[in-house]
Amino acid sequence: MKYLSLIHMKYDLLIYDSESLVNAFDGRHNVIRLNGISIAEAEGLTAILLGYGVSVCLLPYEED
């Protein structure tokens with residue numbers, strides 16, 4: 001089994017204006033996607049956005 005290291009992880013950050021991620025892509029809501037950000041960037045941006053009540057979702061993946 002391969003374990004993912006946080007050092008080699010990248011994240012896509014979804015910022016959306018719906019109450020649920022399920023409804024974010026229904027055509028009535030807006031979604032912004034930031035691709036390939038680092039763990040430090042993800043933590044900083046998420047903390048700021050959540051502080052203002054903005055809905056976010058982090059999608060982690062291993063960097064090649």
# chains A, B, ... in the order shown; residues from 1 in each chain; ligands from 1

$ residues_around --residues "range 46-58 of chain A" --least-positions-apart "5" --cutoff "8 Å" --atoms "only C-alpha atoms" --output "VMD selection string"
chain A and resid 11 to 19 21

$ select_by_dssp --residues "chain A" --states "helix (DSSP H, G or I)" --output "short mmCIF file (atom, residue, chain, number, x, y, z; two decimals) with N, CA, C and O atoms, in the first residue's frame"
data_model
loop_
_atom_site.label_atom_id
_atom_site.label_comp_id
_atom_site.auth_asym_id
_atom_site.auth_seq_id
_atom_site.Cartn_x
_atom_site.Cartn_y
_atom_site.Cartn_z
N LEU A 6 2.33 14.48 2.60
CA LEU A 6 1.82 15.85 2.46
C LEU A 6 2.79 16.75 1.73
O LEU A 6 2.40 17.73 1.11
N ILE A 7 4.07 16.44 1.77
CA ILE A 7 5.08 17.26 1.10
C ILE A 7 4.87 17.25 -0.41
O ILE A 7 5.08 18.24 -1.08
N HIS A 8 4.47 16.11 -0.94
CA HIS A 8 4.31 15.97 -2.38
C HIS A 8 2.87 16.13 -2.86
O HIS A 8 2.57 15.83 -4.00
N LEU A 21 -21.91 21.17 -1.70
CA LEU A 21 -21.10 20.91 -2.88
C LEU A 21 -21.91 20.18 -3.95
O LEU A 21 -21.71 20.39 -5.14
N VAL A 22 -22.84 19.35 -3.52
CA VAL A 22 -23.70 18.62 -4.45
C VAL A 22 -24.47 19.58 -5.35
O VAL A 22 -24.65 19.34 -6.54
N ASN A 23 -24.92 20.71 -4.79
CA ASN A 23 -25.71 21.68 -5.55
C ASN A 23 -24.86 22.72 -6.26
O ASN A 23 -25.38 23.53 -7.03
N ILE A 39 0.11 22.88 0.07
CA ILE A 39 -0.57 22.72 1.35
C ILE A 39 -0.60 24.05 2.12
O ILE A 39 -1.60 24.39 2.72
N ALA A 40 0.49 24.81 2.07
CA ALA A 40 0.54 26.11 2.76
C ALA A 40 -0.47 27.08 2.16
O ALA A 40 -1.18 27.78 2.89
N GLU A 41 -0.54 27.11 0.84
CA GLU A 41 -1.51 27.99 0.17
C GLU A 41 -2.94 27.54 0.48
O GLU A 41 -3.82 28.36 0.73
N ALA A 42 -3.16 26.22 0.47
CA ALA A 42 -4.49 25.68 0.75
C ALA A 42 -4.93 26.03 2.17
O ALA A 42 -6.07 26.46 2.38
N GLU A 43 -4.03 25.88 3.13
CA GLU A 43 -4.37 26.20 4.52
C GLU A 43 -4.68 27.68 4.69
O GLU A 43 -5.65 28.05 5.34
N GLY A 44 -3.85 28.53 4.10
CA GLY A 44 -4.05 29.98 4.23
C GLY A 44 -5.33 30.45 3.58
O GLY A 44 -6.13 31.18 4.20
N LEU A 45 -5.55 30.04 2.34
CA LEU A 45 -6.76 30.46 1.63
C LEU A 45 -8.03 29.92 2.28
O LEU A 45 -9.03 30.62 2.41
N THR A 46 -7.98 28.66 2.71
CA THR A 46 -9.15 28.06 3.35
C THR A 46 -9.49 28.78 4.65
O THR A 46 -10.66 29.08 4.91
N ALA A 47 -8.49 29.09 5.45
CA ALA A 47 -8.74 29.80 6.71
C ALA A 47 -9.37 31.16 6.47
O ALA A 47 -10.33 31.54 7.16
N ILE A 48 -8.87 31.89 5.49
CA ILE A 48 -9.42 33.22 5.18
C ILE A 48 -10.86 33.10 4.70
O ILE A 48 -11.76 33.79 5.19
N LEU A 49 -11.09 32.21 3.73
CA LEU A 49 -12.43 32.08 3.14
C LEU A 49 -13.46 31.58 4.15
O LEU A 49 -14.58 32.09 4.22
N LEU A 50 -13.09 30.58 4.95
CA LEU A 50 -14.02 30.07 5.95
C LEU A 50 -14.33 31.12 7.01
O LEU A 50 -15.43 31.16 7.55
N GLY A 51 -13.37 31.99 7.29
CA GLY A 51 -13.59 33.08 8.23
C GLY A 51 -14.67 34.05 7.77
O GLY A 51 -15.28 34.74 8.59
#

$ atom_distance --atom1 "CA of Tyr61 in chain A" --atom2 "CA of Phe25 in chain A"
21.1 Å

$ select_by_dssp --residues "chain A" --states "strand (DSSP E)" --output "ChimeraX atom specification"
/A:9-16,31-37,55-62

$ write_last_selection --atoms "N, CA and C atoms" --output "compact mmCIF listing (two decimals), in the first residue's frame"
# COMPACT_ATOMS: atom_id res chain seq x y z
N MET A 9 2.01 16.60 -1.99
CA MET A 9 0.61 16.76 -2.34
C MET A 9 0.37 18.15 -2.93
N LYS A 10 -0.54 18.19 -3.85
CA LYS A 10 -1.08 19.45 -4.38
C LYS A 10 -2.58 19.40 -4.15
N TYR A 11 -3.19 20.55 -4.23
CA TYR A 11 -4.63 20.65 -3.98
C TYR A 11 -5.30 21.50 -5.04
N ASP A 12 -6.49 21.12 -5.40
CA ASP A 12 -7.38 21.99 -6.16
C ASP A 12 -8.38 22.51 -5.13
N LEU A 13 -8.61 23.80 -5.15
CA LEU A 13 -9.52 24.43 -4.19
C LEU A 13 -10.77 24.88 -4.94
N LEU A 14 -11.92 24.37 -4.53
CA LEU A 14 -13.19 24.80 -5.10
C LEU A 14 -13.82 25.81 -4.15
N ILE A 15 -14.21 26.94 -4.70
CA ILE A 15 -14.91 27.99 -3.96
C ILE A 15 -16.29 28.09 -4.58
N TYR A 16 -17.33 27.95 -3.77
CA TYR A 16 -18.68 27.92 -4.36
C TYR A 16 -19.67 28.66 -3.47
N VAL A 31 -18.96 28.61 -9.26
CA VAL A 31 -17.86 27.82 -8.73
C VAL A 31 -16.57 28.36 -9.33
N ILE A 32 -15.58 28.55 -8.48
CA ILE A 32 -14.24 28.94 -8.90
C ILE A 32 -13.32 27.81 -8.49
N ARG A 33 -12.41 27.44 -9.39
CA ARG A 33 -11.46 26.36 -9.09
C ARG A 33 -10.04 26.87 -9.22
N LEU A 34 -9.26 26.71 -8.16
CA LEU A 34 -7.84 27.04 -8.18
C LEU A 34 -7.08 25.73 -8.25
N ASN A 35 -6.31 25.54 -9.30
CA ASN A 35 -5.63 24.26 -9.54
C ASN A 35 -4.19 24.27 -9.03
N GLY A 36 -3.78 23.16 -8.43
CA GLY A 36 -2.38 22.91 -8.12
C GLY A 36 -1.75 23.79 -7.07
N ILE A 37 -2.47 24.09 -5.99
CA ILE A 37 -1.88 24.91 -4.94
C ILE A 37 -1.22 24.02 -3.88
N SER A 55 -18.01 28.92 1.26
CA SER A 55 -17.92 27.46 1.16
C SER A 55 -16.75 27.06 0.28
N VAL A 56 -15.94 26.13 0.78
CA VAL A 56 -14.78 25.65 0.03
C VAL A 56 -14.69 24.13 0.12
N CYS A 57 -13.98 23.56 -0.84
CA CYS A 57 -13.70 22.13 -0.85
C CYS A 57 -12.28 21.94 -1.36
N LEU A 58 -11.48 21.16 -0.65
CA LEU A 58 -10.11 20.86 -1.08
C LEU A 58 -10.09 19.47 -1.70
N LEU A 59 -9.48 19.38 -2.88
CA LEU A 59 -9.34 18.10 -3.58
C LEU A 59 -7.85 17.78 -3.64
N PRO A 60 -7.36 16.89 -2.77
CA PRO A 60 -5.93 16.57 -2.75
C PRO A 60 -5.55 15.56 -3.84
N TYR A 61 -4.32 15.67 -4.31
CA TYR A 61 -3.77 14.68 -5.22
C TYR A 61 -2.26 14.70 -5.11
N GLU A 62 -1.64 13.60 -5.47
CA GLU A 62 -0.20 13.50 -5.38
C GLU A 62 0.44 14.11 -6.62
